[in-house]
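See below for structure_36.csv, which holds CSV, C-alpha atoms.
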chain,number,residue,atom,x,y,z
A,29,MET,CA,-61.3,9.9,312.0
A,30,GLY,CA,-60.3,6.3,311.3
A,31,ARG,CA,-57.2,5.4,309.2
A,32,LYS,CA,-57.8,4.8,305.6
A,33,LYS,CA,-57.5,1.4,304.1
A,34,ALA,CA,-55.9,0.6,300.7
A,35,VAL,CA,-55.1,-2.5,298.6
A,36,ALA,CA,-51.6,-2.6,297.1
A,37,LEU,CA,-50.7,-4.8,294.1
A,38,ILE,CA,-47.4,-6.5,294.8
A,39,SER,CA,-45.1,-8.0,292.2
A,40,GLY,CA,-41.4,-8.9,292.1
A,41,GLY,CA,-40.2,-5.8,290.4
A,42,LEU,CA,-38.2,-2.7,291.3
A,43,ASP,CA,-41.4,-0.7,291.3
A,44,SER,CA,-43.2,-2.9,293.8
A,45,ALA,CA,-40.2,-3.6,296.0
A,46,LYS,CA,-41.3,-7.1,296.8
A,47,GLU,CA,-41.2,-10.6,295.4
A,48,VAL,CA,-43.4,-13.6,296.2
A,49,ARG,CA,-41.0,-15.3,298.6
A,50,CYS,CA,-40.4,-12.2,300.7
A,51,ALA,CA,-43.7,-10.4,300.2
A,52,HIS,CA,-45.2,-11.8,303.4
A,53,ALA,CA,-42.1,-10.8,305.4
A,54,VAL,CA,-42.0,-7.3,303.9
A,55,GLY,CA,-45.7,-6.9,304.3
A,56,LYS,CA,-45.4,-7.8,308.0
A,57,SER,CA,-42.5,-5.3,308.5
A,58,LEU,CA,-44.8,-2.6,307.1
A,59,GLY,CA,-47.7,-3.6,309.3
A,60,VAL,CA,-49.8,-4.8,306.4
A,61,LYS,CA,-53.1,-6.1,307.8
A,62,GLU,CA,-53.7,-8.9,305.4
A,63,HIS,CA,-51.7,-10.4,302.5
A,64,VAL,CA,-53.9,-12.1,299.9
A,65,THR,CA,-52.4,-14.3,297.2
A,66,LEU,CA,-54.8,-15.4,294.5
A,67,ALA,CA,-53.8,-18.0,291.9
A,68,LEU,CA,-54.7,-17.4,288.2
A,69,ASP,CA,-53.2,-19.7,285.6
A,70,MET,CA,-52.2,-17.1,283.0
A,71,ALA,CA,-50.4,-19.8,281.0
A,72,ARG,CA,-53.9,-21.0,280.0
A,73,ILE,CA,-54.5,-17.6,278.4
A,74,GLY,CA,-51.0,-17.3,276.9
A,75,GLY,CA,-50.2,-14.8,274.2
A,76,SER,CA,-47.0,-13.6,275.8
A,77,ALA,CA,-43.3,-14.6,276.0
A,78,LEU,CA,-43.8,-14.3,279.8
A,79,THR,CA,-46.8,-16.7,280.1
A,80,GLU,CA,-46.6,-19.1,277.1
A,81,LYS,CA,-45.1,-22.4,278.0
A,82,GLY,CA,-41.8,-22.8,276.1
A,83,ALA,CA,-41.7,-19.2,274.9
A,84,ASN,CA,-38.3,-17.5,275.1
A,85,VAL,CA,-37.9,-14.1,276.7
A,86,PRO,CA,-36.0,-11.9,274.2
A,87,ASP,CA,-32.9,-9.8,275.1
A,88,PHE,CA,-33.6,-6.1,275.3
A,89,GLU,CA,-34.0,-4.7,271.8
A,90,GLY,CA,-34.5,-1.0,272.4
A,91,LYS,CA,-37.8,0.8,272.2
A,92,LYS,CA,-39.5,-0.4,269.1
A,93,GLY,CA,-43.2,-1.1,269.6
A,94,ILE,CA,-44.7,-3.4,272.2
A,95,PRO,CA,-42.4,-6.3,272.9
A,96,ALA,CA,-43.2,-10.1,273.0
A,97,THR,CA,-43.2,-9.8,276.8
A,98,TYR,CA,-46.5,-7.9,276.8
A,99,VAL,CA,-49.1,-9.9,278.7
A,100,PRO,CA,-52.6,-9.3,277.2
A,101,ALA,CA,-54.7,-7.1,279.6
A,102,ARG,CA,-52.5,-8.0,282.5
A,103,ASN,CA,-52.9,-4.8,284.6
A,104,MET,CA,-56.7,-4.8,283.9
A,105,ILE,CA,-57.0,-8.3,285.4
A,106,PHE,CA,-54.8,-7.4,288.4
A,107,LEU,CA,-56.6,-4.1,289.0
A,108,SER,CA,-60.0,-5.7,288.7
A,109,ILE,CA,-59.2,-8.2,291.3
A,110,ALA,CA,-57.7,-5.5,293.5
A,111,VAL,CA,-60.8,-3.3,293.2
A,112,SER,CA,-63.0,-6.3,294.1
A,113,LEU,CA,-60.8,-6.9,297.2
A,114,ALA,CA,-60.8,-3.2,298.0
A,115,GLU,CA,-64.6,-3.1,297.9
A,116,ALA,CA,-65.0,-6.3,299.9
A,117,ARG,CA,-62.7,-4.9,302.6
A,118,GLY,CA,-64.0,-1.3,302.6
A,119,ALA,CA,-60.7,0.1,301.2
A,120,ASP,CA,-60.7,3.5,299.5
A,121,ALA,CA,-57.8,3.0,297.1
A,122,VAL,CA,-55.8,0.6,295.1
A,123,PHE,CA,-52.1,1.2,294.6
A,124,ILE,CA,-50.1,-0.1,291.6
A,125,GLY,CA,-46.4,0.3,290.8
A,126,ALA,CA,-47.0,0.9,287.1
A,127,THR,CA,-44.5,3.3,285.4
A,128,ALA,CA,-44.6,4.8,282.0
A,129,ILE,CA,-41.2,6.5,281.7
A,130,ASP,CA,-38.4,3.9,281.5
A,131,TYR,CA,-40.7,1.1,280.4
A,132,SER,CA,-41.4,-1.4,277.7
A,133,GLY,CA,-44.3,0.5,276.2
A,134,TYR,CA,-47.0,-1.7,277.7
A,135,PRO,CA,-50.2,0.1,277.1
A,136,ASP,CA,-51.6,-0.8,280.5
A,137,CYS,CA,-48.9,1.0,282.4
A,138,ARG,CA,-49.9,4.4,281.1
A,139,LYS,CA,-51.8,7.1,283.0
A,140,GLU,CA,-54.5,7.3,280.3
A,141,PHE,CA,-55.3,3.6,280.9
A,142,LEU,CA,-55.2,3.9,284.7
A,143,GLU,CA,-57.5,7.0,284.7
A,144,SER,CA,-60.0,5.2,282.4
A,145,PHE,CA,-59.9,2.1,284.6
A,146,GLU,CA,-60.7,4.2,287.6
A,147,LYS,CA,-63.8,5.6,285.8
A,148,THR,CA,-64.9,2.2,284.7
A,149,ALA,CA,-64.5,0.8,288.2
A,150,ALA,CA,-66.6,3.7,289.5
A,151,LEU,CA,-69.4,2.7,287.1
A,152,GLY,CA,-69.2,-1.0,287.8
A,153,THR,CA,-69.0,-1.1,291.6
A,154,LYS,CA,-71.5,-0.5,294.4
A,155,ARG,CA,-69.2,2.0,296.0
A,156,GLY,CA,-68.8,3.8,292.8
A,157,ILE,CA,-72.4,4.4,292.1
A,158,GLU,CA,-72.8,5.4,295.8
A,159,GLY,CA,-70.3,8.2,295.2
A,160,LYS,CA,-67.4,6.6,297.1
A,161,LYS,CA,-65.3,5.5,294.1
A,162,ILE,CA,-62.2,3.5,294.7
A,163,ARG,CA,-59.1,5.5,293.6
A,164,ILE,CA,-56.4,3.9,291.5
A,165,ILE,CA,-53.1,5.4,292.6
A,166,ALA,CA,-49.9,4.9,290.7
A,167,PRO,CA,-47.3,6.9,292.6
A,168,LEU,CA,-44.5,6.0,290.2
A,169,VAL,CA,-46.2,6.4,286.9
A,170,ALA,CA,-44.4,9.6,285.9
A,171,LEU,CA,-41.0,8.8,287.5
A,172,SER,CA,-37.9,7.6,285.7
A,173,LYS,CA,-36.3,4.4,287.0
A,174,ALA,CA,-33.5,6.6,288.5
A,175,GLN,CA,-36.1,8.6,290.4
A,176,ILE,CA,-37.7,5.4,291.6
A,177,VAL,CA,-34.4,4.1,292.9
A,178,ARG,CA,-33.7,7.3,294.7
A,179,LYS,CA,-37.2,7.5,296.2
A,180,GLY,CA,-36.9,3.8,297.2
A,181,LEU,CA,-33.6,4.4,299.0
A,182,ALA,CA,-34.9,7.5,300.7
A,183,LEU,CA,-37.9,5.5,302.0
A,184,GLY,CA,-35.6,2.7,303.2
A,185,VAL,CA,-36.6,0.1,300.7
A,186,ASP,CA,-34.2,-3.0,300.8
A,187,PHE,CA,-33.7,-3.4,297.0
A,188,SER,CA,-31.8,-6.7,297.7
A,189,LYS,CA,-35.3,-8.1,298.3
A,190,THR,CA,-36.7,-7.0,294.9
A,191,TRP,CA,-36.4,-8.9,291.6
A,192,SER,CA,-37.0,-7.6,288.1
A,193,CYS,CA,-35.5,-10.2,285.8
A,194,TYR,CA,-38.0,-11.8,283.4
A,195,ARG,CA,-36.0,-15.0,283.1
A,196,GLY,CA,-36.3,-16.3,286.7
A,197,GLY,CA,-32.9,-17.8,287.0
A,198,LYS,CA,-30.9,-17.9,290.3
A,199,LYS,CA,-29.2,-14.7,289.2
A,200,ALA,CA,-30.7,-11.8,287.2
A,201,CYS,CA,-29.7,-12.1,283.5
A,202,GLY,CA,-28.9,-8.5,283.0
A,203,LYS,CA,-30.0,-8.7,279.3
A,204,CYS,CA,-33.8,-8.8,279.3
A,205,ALA,CA,-35.7,-5.5,279.0
A,206,SER,CA,-36.7,-5.6,282.7
A,207,CYS,CA,-33.0,-6.0,283.8
A,208,GLN,CA,-31.9,-3.3,281.3
A,209,TYR,CA,-34.4,-0.7,282.6
A,210,ARG,CA,-33.5,-1.6,286.2
A,211,LEU,CA,-29.7,-1.3,285.6
A,212,LYS,CA,-30.3,2.0,283.8
A,213,GLY,CA,-32.2,3.3,286.8
A,214,PHE,CA,-29.4,2.4,289.3
A,215,TYR,CA,-26.7,3.6,286.9
A,216,GLU,CA,-28.4,7.0,286.4
A,217,ALA,CA,-29.1,7.3,290.1
A,218,GLY,CA,-25.4,6.7,290.8
A,219,GLU,CA,-26.3,3.7,293.0
A,220,ARG,CA,-25.3,0.1,293.1
A,221,ASP,CA,-27.9,-2.5,292.4
A,222,PRO,CA,-27.6,-5.1,295.3
A,223,VAL,CA,-29.1,-7.9,293.2
A,224,PRO,CA,-26.6,-10.4,291.8
A,225,TYR,CA,-26.2,-10.6,288.0
A,226,GLY,CA,-24.7,-13.6,286.3
B,15,MET,CA,-62.5,-13.0,254.3
B,16,GLY,CA,-61.9,-15.3,257.3
B,17,ARG,CA,-64.5,-16.0,259.9
B,18,LYS,CA,-64.4,-13.7,263.0
B,19,LYS,CA,-63.4,-15.1,266.3
B,20,ALA,CA,-65.0,-14.2,269.6
B,21,VAL,CA,-64.7,-15.1,273.3
B,22,ALA,CA,-68.0,-15.7,275.1
B,23,LEU,CA,-68.3,-15.6,278.9
B,24,ILE,CA,-70.4,-18.5,280.1
B,25,SER,CA,-72.2,-18.9,283.4
B,26,GLY,CA,-75.0,-21.0,284.7
B,27,GLY,CA,-77.8,-18.5,284.2
B,28,LEU,CA,-80.7,-18.0,281.9
B,29,ASP,CA,-78.8,-15.4,280.0
B,30,SER,CA,-75.8,-17.6,279.3
B,31,ALA,CA,-77.8,-20.8,278.6
B,32,LYS,CA,-75.1,-23.0,280.1
B,33,GLU,CA,-73.9,-24.3,283.4
B,34,VAL,CA,-70.4,-25.7,284.3
B,35,ARG,CA,-71.3,-29.4,283.9
B,36,CYS,CA,-73.0,-29.0,280.5
B,37,ALA,CA,-70.9,-26.1,279.2
B,38,HIS,CA,-68.5,-28.4,277.4
B,39,ALA,CA,-71.3,-30.4,275.8
B,40,VAL,CA,-73.2,-27.3,274.7
B,41,GLY,CA,-70.0,-25.6,273.4
B,42,LYS,CA,-69.3,-28.7,271.4
B,43,SER,CA,-72.8,-28.7,269.9
B,44,LEU,CA,-72.3,-25.1,268.9
B,45,GLY,CA,-68.9,-25.8,267.3
B,46,VAL,CA,-66.9,-23.8,269.9
B,47,LYS,CA,-63.3,-24.1,269.0
B,48,GLU,CA,-61.9,-24.0,272.6
B,49,HIS,CA,-63.5,-24.1,276.1
B,50,VAL,CA,-61.3,-22.4,278.7
B,51,THR,CA,-62.0,-22.8,282.4
B,52,LEU,CA,-60.0,-20.6,284.7
B,53,ALA,CA,-60.2,-21.1,288.5
B,54,LEU,CA,-60.2,-18.0,290.7
B,55,ASP,CA,-61.0,-18.4,294.4
B,56,MET,CA,-63.5,-15.5,294.8
B,57,ALA,CA,-64.2,-16.8,298.4
B,58,ARG,CA,-60.7,-15.3,299.3
B,59,ILE,CA,-62.1,-11.9,298.2
B,60,GLY,CA,-65.6,-12.3,299.7
B,61,GLY,CA,-67.8,-9.3,300.3
B,62,SER,CA,-70.9,-11.0,298.9
B,63,ALA,CA,-73.6,-13.5,300.0
B,64,LEU,CA,-72.7,-15.5,296.9
B,65,THR,CA,-69.0,-15.9,297.7
B,66,GLU,CA,-68.5,-15.5,301.5
B,67,LYS,CA,-68.2,-18.9,303.2
B,68,GLY,CA,-71.3,-19.4,305.4
B,69,ALA,CA,-73.2,-16.4,304.1
B,70,ASN,CA,-76.9,-16.9,303.5
B,71,VAL,CA,-78.5,-16.0,300.1
B,72,PRO,CA,-81.6,-13.9,300.9
B,73,ASP,CA,-85.0,-14.5,299.4
B,74,PHE,CA,-86.1,-12.0,296.8
B,75,GLU,CA,-87.0,-8.8,298.5
B,76,GLY,CA,-88.0,-6.6,295.6
B,77,LYS,CA,-86.0,-3.8,294.0
B,78,LYS,CA,-84.5,-1.9,296.9
B,79,GLY,CA,-80.9,-1.0,296.2
B,80,ILE,CA,-78.1,-3.4,295.4
B,81,PRO,CA,-78.7,-6.7,297.3
B,82,ALA,CA,-76.3,-8.8,299.4
B,83,THR,CA,-75.7,-11.0,296.4
B,84,TYR,CA,-73.7,-8.3,294.6
B,85,VAL,CA,-70.2,-9.6,294.0
B,86,PRO,CA,-67.7,-6.8,294.1
B,87,ALA,CA,-66.4,-6.0,290.6
B,88,ARG,CA,-67.4,-9.4,289.3
B,89,ASN,CA,-68.0,-8.6,285.7
B,90,MET,CA,-64.9,-6.4,285.6
B,91,ILE,CA,-62.8,-9.4,286.6
B,92,PHE,CA,-64.6,-11.7,284.2
B,93,LEU,CA,-64.4,-9.2,281.3
B,94,SER,CA,-60.7,-8.5,281.9
B,95,ILE,CA,-59.8,-12.2,281.8
B,96,ALA,CA,-62.0,-12.6,278.6
B,97,VAL,CA,-60.3,-9.6,277.0
B,98,SER,CA,-56.9,-11.0,277.8
B,99,LEU,CA,-58.0,-14.3,276.2
B,100,ALA,CA,-59.5,-12.6,273.2
B,101,GLU,CA,-56.2,-10.7,272.6
B,102,ALA,CA,-54.1,-13.9,273.1
B,103,ARG,CA,-56.3,-15.7,270.6
B,104,GLY,CA,-56.8,-12.9,268.1
B,105,ALA,CA,-60.5,-12.6,268.7
B,106,ASP,CA,-62.3,-9.4,267.8
B,107,ALA,CA,-65.0,-9.4,270.5
B,108,VAL,CA,-66.1,-10.6,273.9
B,109,PHE,CA,-69.7,-11.6,274.5
B,110,ILE,CA,-71.4,-11.3,277.9
B,111,GLY,CA,-74.9,-12.2,278.9
B,112,ALA,CA,-75.4,-9.2,281.2
B,113,THR,CA,-78.9,-7.7,281.3
B,114,ALA,CA,-80.1,-4.5,283.0
B,115,ILE,CA,-83.9,-4.8,282.7
B,116,ASP,CA,-85.3,-7.5,285.0
B,117,TYR,CA,-82.2,-7.7,287.2
B,118,SER,CA,-80.9,-7.2,290.7
B,119,GLY,CA,-79.5,-3.7,290.1
B,120,TYR,CA,-75.9,-4.9,289.9
B,121,PRO,CA,-73.9,-1.8,288.6
B,122,ASP,CA,-71.7,-4.0,286.4
B,123,CYS,CA,-74.6,-5.3,284.3
B,124,ARG,CA,-75.4,-1.8,283.0
B,125,LYS,CA,-74.7,-0.5,279.5
B,126,GLU,CA,-72.8,2.5,280.9
B,127,PHE,CA,-70.3,0.2,282.6
B,128,LEU,CA,-69.9,-2.1,279.7
B,129,GLU,CA,-69.3,0.8,277.3
B,130,SER,CA,-66.7,2.3,279.7
B,131,PHE,CA,-65.0,-1.0,280.1
B,132,GLU,CA,-64.7,-1.3,276.3
B,133,LYS,CA,-63.0,2.1,276.2
B,134,THR,CA,-60.6,1.2,279.1
B,135,ALA,CA,-59.7,-2.1,277.4
B,136,ALA,CA,-58.9,-0.3,274.2
B,137,LEU,CA,-56.5,1.9,276.1
B,138,GLY,CA,-54.9,-1.0,278.0
B,139,THR,CA,-54.3,-3.5,275.3
B,140,LYS,CA,-51.9,-3.8,272.4
B,141,ARG,CA,-54.8,-4.3,269.9
B,142,GLY,CA,-56.6,-1.3,271.3
B,143,ILE,CA,-53.7,1.1,270.8
B,144,GLU,CA,-53.1,-0.4,267.3
B,145,GLY,CA,-56.7,0.6,266.4
B,146,LYS,CA,-58.2,-2.9,266.5
B,147,LYS,CA,-60.1,-2.6,269.8
B,148,ILE,CA,-61.9,-5.7,271.2
B,149,ARG,CA,-65.6,-5.1,271.3
B,150,ILE,CA,-67.6,-5.9,274.4
B,151,ILE,CA,-71.0,-7.2,273.1
B,152,ALA,CA,-73.9,-7.7,275.5
B,153,PRO,CA,-76.8,-8.8,273.2
B,154,LEU,CA,-79.3,-9.1,276.1
B,155,VAL,CA,-78.5,-6.0,278.0
B,156,ALA,CA,-81.7,-4.2,277.0
B,157,LEU,CA,-84.0,-7.2,276.9
B,158,SER,CA,-86.5,-8.2,279.5
B,159,LYS,CA,-86.3,-11.7,280.9
B,160,ALA,CA,-89.5,-12.5,278.9
B,161,GLN,CA,-87.8,-11.3,275.7
B,162,ILE,CA,-84.7,-13.4,276.6
B,163,VAL,CA,-86.9,-16.5,277.1
B,164,ARG,CA,-88.6,-15.9,273.7
B,165,LYS,CA,-85.3,-15.3,271.9
B,166,GLY,CA,-83.8,-18.3,273.5
B,167,LEU,CA,-86.6,-20.6,272.4
B,168,ALA,CA,-86.5,-19.1,268.9
B,169,LEU,CA,-82.8,-19.9,268.7
B,170,GLY,CA,-83.4,-23.5,269.9
B,171,VAL,CA,-81.8,-23.0,273.4
B,172,ASP,CA,-82.5,-26.0,275.6
B,173,PHE,CA,-83.4,-24.2,278.8
B,174,SER,CA,-83.5,-27.5,280.8
B,175,LYS,CA,-79.7,-27.2,280.6
B,176,THR,CA,-79.6,-23.7,282.2
B,177,TRP,CA,-79.5,-22.9,285.9
B,178,SER,CA,-80.2,-19.6,287.6
B,179,CYS,CA,-80.7,-20.4,291.3
B,180,TYR,CA,-78.2,-18.8,293.6
B,181,ARG,CA,-78.6,-21.5,296.2
B,182,GLY,CA,-77.2,-24.4,294.3
B,183,GLY,CA,-79.5,-27.2,295.7
B,184,LYS,CA,-80.6,-30.2,293.7
B,185,LYS,CA,-83.7,-28.3,292.6
B,186,ALA,CA,-84.0,-24.5,292.1
B,187,CYS,CA,-85.3,-22.8,295.2
B,188,GLY,CA,-87.8,-20.5,293.4
B,189,LYS,CA,-87.4,-17.8,296.1
B,190,CYS,CA,-84.0,-16.1,295.5
B,191,ALA,CA,-83.9,-13.0,293.3
B,192,SER,CA,-82.3,-15.0,290.4
B,193,CYS,CA,-85.1,-17.6,290.5
B,194,GLN,CA,-87.8,-14.9,290.8
B,195,TYR,CA,-86.5,-13.0,287.8
B,196,ARG,CA,-86.3,-16.2,285.8
B,197,LEU,CA,-89.8,-17.3,286.7
B,198,LYS,CA,-91.1,-13.8,285.9
B,199,GLY,CA,-89.5,-14.2,282.5
B,200,PHE,CA,-91.1,-17.5,281.7
B,201,TYR,CA,-94.4,-16.4,283.1
B,202,GLU,CA,-94.5,-13.2,281.1
B,203,ALA,CA,-93.4,-15.1,278.0
B,204,GLY,CA,-96.3,-17.5,278.5
B,205,GLU,CA,-93.8,-20.4,278.6
B,206,ARG,CA,-93.1,-23.2,281.0
B,207,ASP,CA,-89.7,-23.3,282.7
B,208,PRO,CA,-88.4,-26.8,282.3
B,209,VAL,CA,-86.1,-26.6,285.3
B,210,PRO,CA,-87.4,-28.4,288.5
B,211,TYR,CA,-88.3,-26.3,291.5
B,212,GLY,CA,-88.7,-27.7,294.9

Is it possible to express this structure as structure tokens?
Amino acid sequence: MGRKKAVALISGGLDSAKEVRCAHAVGKSLGVKEHVTLALDMARIGGSALTEKGANVPDFEGKKGIPATYVPARNMIFLSIAVSLAEARGADAVFIGATAIDYSGYPDCRKEFLESFEKTAALGTKRGIEGKKIRIIAPLVALSKAQIVRKGLALGVDFSKTWSCYRGGKKACGKCASCQYRLKGFYEAGERDPVPYG
Amino acid sequence: MGRKKAVALISGGLDSAKEVRCAHAVGKSLGVKEHVTLALDMARIGGSALTEKGANVPDFEGKKGIPATYVPARNMIFLSIAVSLAEARGADAVFIGATAIDYSGYPDCRKEFLESFEKTAALGTKRGIEGKKIRIIAPLVALSKAQIVRKGLALGVDFSKTWSCYRGGKKACGKCASCQYRLKGFYEAGERDPVPYG
């Protein structure tokens, strides 16, 4: 029996354990067969404090509805491209680091969405209608940030090479929702976050 | 009551009535508020005779399974980007010219897929979970190519500005599946296709 192939979506966050500038190096260390970077100018779409030119990322304001950092249909776009790549390469699964416990309430990080997406992808792909649907696997979806930190450390993840801050400065801001959830995770896990805050 | 907004996916085919080089002009003539072109290098994904570098588009071989021109998860990618844009612009619907009657058997042109996609998008967007889901509308999905030709002519579509050929030469090849279905449509509608074949 041959080894199974999968496509993994990689971002800069705690949950993906990679950022653009080290993704190739980390991928190589894991024996990744191919690293595909596809450019899509999401600023042309806009509609989010993360993608609109000139928009300000708010400080963390607690859990009250979906925040301004929500990017319309972001995971649907990422997953669609990943499923396309998976089918083109003959991969059986797509992995995504979505999590719906300590999170900003983004609808496309929830299990309901991910399960529905898998069904839709089965109906819209050749593999799917041939009975070999591509699985969408979100191993972290039901874990807290503290559990993710612990699991990452147990697996030998070098968290100094991850980046969660929405603001993209030289140091993490520590105040945006993404920093706040990350810090909460390390705090509750009783671990030190190796990323510099300033 | 204000006028409703919608996002329409535009390609070069008979069903979309536009091609890249006239899309802006046609859009303008229809009073389109904004024309967004987003580049995505599908050749990096590959897996199709339409996107692989150096791959040959086959002549029409009749209806026997999904042909080599199938592009993995193509409409899922296009629809995801369109839904993102619709949400960012406050649009209520996304229109797509998919058709599942005289077609190449692409799974992502079928009503089942489009309906499932709409449900998934409702689960994965802010609008959706707020009860204002974005509708996916495929007005041509159940029409034959002949019916599409007749409807287009009745609506004043200038079919000389449409392009269906997969091969992208100066003249349409007349032999690929896309040309064959188009010619069938004009033939069965008793109309002349104004596009040059050579």

Using all atoms listed in the file, which chain A residues lie at most 6 Å away from chain B, written as a PyMOL selection string?
chain A and resi 73-75+100-101+104-105+108+112-113+116+135-136+141+144-145+148+151-153

My list of candidates is A:Arg163, A:His52, A:Lys32, A:Arg195. Which is closest to A:Asp87 when distances are computed with only C-alpha atoms?
A:Arg195

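Every protein or nucleic acid residue with an atom no more than 9 Å from A:Ala71, counting only C-alpha atoms and leaving out same-chain residues fewer than 6 positions away, appears here: Leu78, Thr79, Glu80 and Lys81 of chain A.
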
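Once A:Lys179 and its same-chain neighbours fewer than 4 positions away are set aside, Leu42, Asp43, Ala45, Pro167, Leu168, Leu171, Ser172, Lys173, Ala174, Gln175, Leu183, Gly184, Val185, Asp186, Phe187, Gly213, Phe214, Ala217 and Glu219 of chain A remain within 12 Å of it when counting only C-alpha atoms.
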
Between atom CA of B:Phe74 and atom CA of B:Ala112, measure the distance and give it in Å to one decimal.
19.1 Å

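Taking atom CA of A:Glu62 and atom CA of A:Val35 as the two end points, the separation is 9.4 Å.
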
As a check of understanding: the span from atom CA of B:Ala156 to atom CA of B:Gly111 is 10.7 Å

Model the absent atoms of stretch 127-141 of chain B so that N, CA, C and O atoms are present, and write the result as a compact mmCIF listing (two decimals), keeping the file's coordinate frame.
# COMPACT_ATOMS: atom_id res chain seq x y z
N PHE B 127 -71.56 0.88 282.20
CA PHE B 127 -70.30 0.20 282.60
C PHE B 127 -69.68 -0.54 281.48
O PHE B 127 -68.46 -0.44 281.27
N LEU B 128 -70.47 -1.28 280.73
CA LEU B 128 -69.90 -2.10 279.70
C LEU B 128 -69.24 -1.24 278.58
O LEU B 128 -68.17 -1.57 278.07
N GLU B 129 -69.85 -0.10 278.27
CA GLU B 129 -69.30 0.80 277.30
C GLU B 129 -67.95 1.41 277.80
O GLU B 129 -66.98 1.55 277.07
N SER B 130 -67.95 1.76 279.08
CA SER B 130 -66.70 2.30 279.70
C SER B 130 -65.63 1.28 279.72
O SER B 130 -64.45 1.58 279.47
N PHE B 131 -66.02 0.04 280.02
CA PHE B 131 -65.00 -1.00 280.10
C PHE B 131 -64.38 -1.22 278.69
O PHE B 131 -63.16 -1.39 278.59
N GLU B 132 -65.20 -1.16 277.64
CA GLU B 132 -64.70 -1.30 276.30
C GLU B 132 -63.62 -0.25 275.97
O GLU B 132 -62.56 -0.54 275.41
N LYS B 133 -63.91 0.97 276.40
CA LYS B 133 -63.00 2.10 276.20
C LYS B 133 -61.66 1.85 276.96
O LYS B 133 -60.56 2.07 276.46
N THR B 134 -61.81 1.44 278.21
CA THR B 134 -60.60 1.20 279.10
C THR B 134 -59.78 0.06 278.45
O THR B 134 -58.55 0.16 278.40
N ALA B 135 -60.46 -0.99 277.99
CA ALA B 135 -59.70 -2.10 277.40
C ALA B 135 -58.99 -1.68 276.13
O ALA B 135 -57.89 -2.17 275.84
N ALA B 136 -59.58 -0.75 275.40
CA ALA B 136 -58.90 -0.30 274.20
C ALA B 136 -57.62 0.49 274.56
O ALA B 136 -56.61 0.42 273.86
N LEU B 137 -57.65 1.20 275.69
CA LEU B 137 -56.50 1.90 276.10
C LEU B 137 -55.41 1.04 276.77
O LEU B 137 -54.24 1.39 276.81
N GLY B 138 -55.84 -0.12 277.25
CA GLY B 138 -54.90 -1.00 278.00
C GLY B 138 -54.44 -2.21 277.29
O GLY B 138 -53.78 -3.04 277.89
N THR B 139 -54.76 -2.33 276.01
CA THR B 139 -54.30 -3.50 275.30
C THR B 139 -53.52 -3.10 274.03
O THR B 139 -53.68 -2.00 273.50
N LYS B 140 -52.69 -4.02 273.57
CA LYS B 140 -51.90 -3.80 272.40
C LYS B 140 -52.84 -3.59 271.16
O LYS B 140 -52.67 -2.66 270.39
N ARG B 141 -53.82 -4.48 271.03
CA ARG B 141 -54.80 -4.30 269.90
C ARG B 141 -55.45 -2.98 269.94
O ARG B 141 -55.66 -2.36 268.89
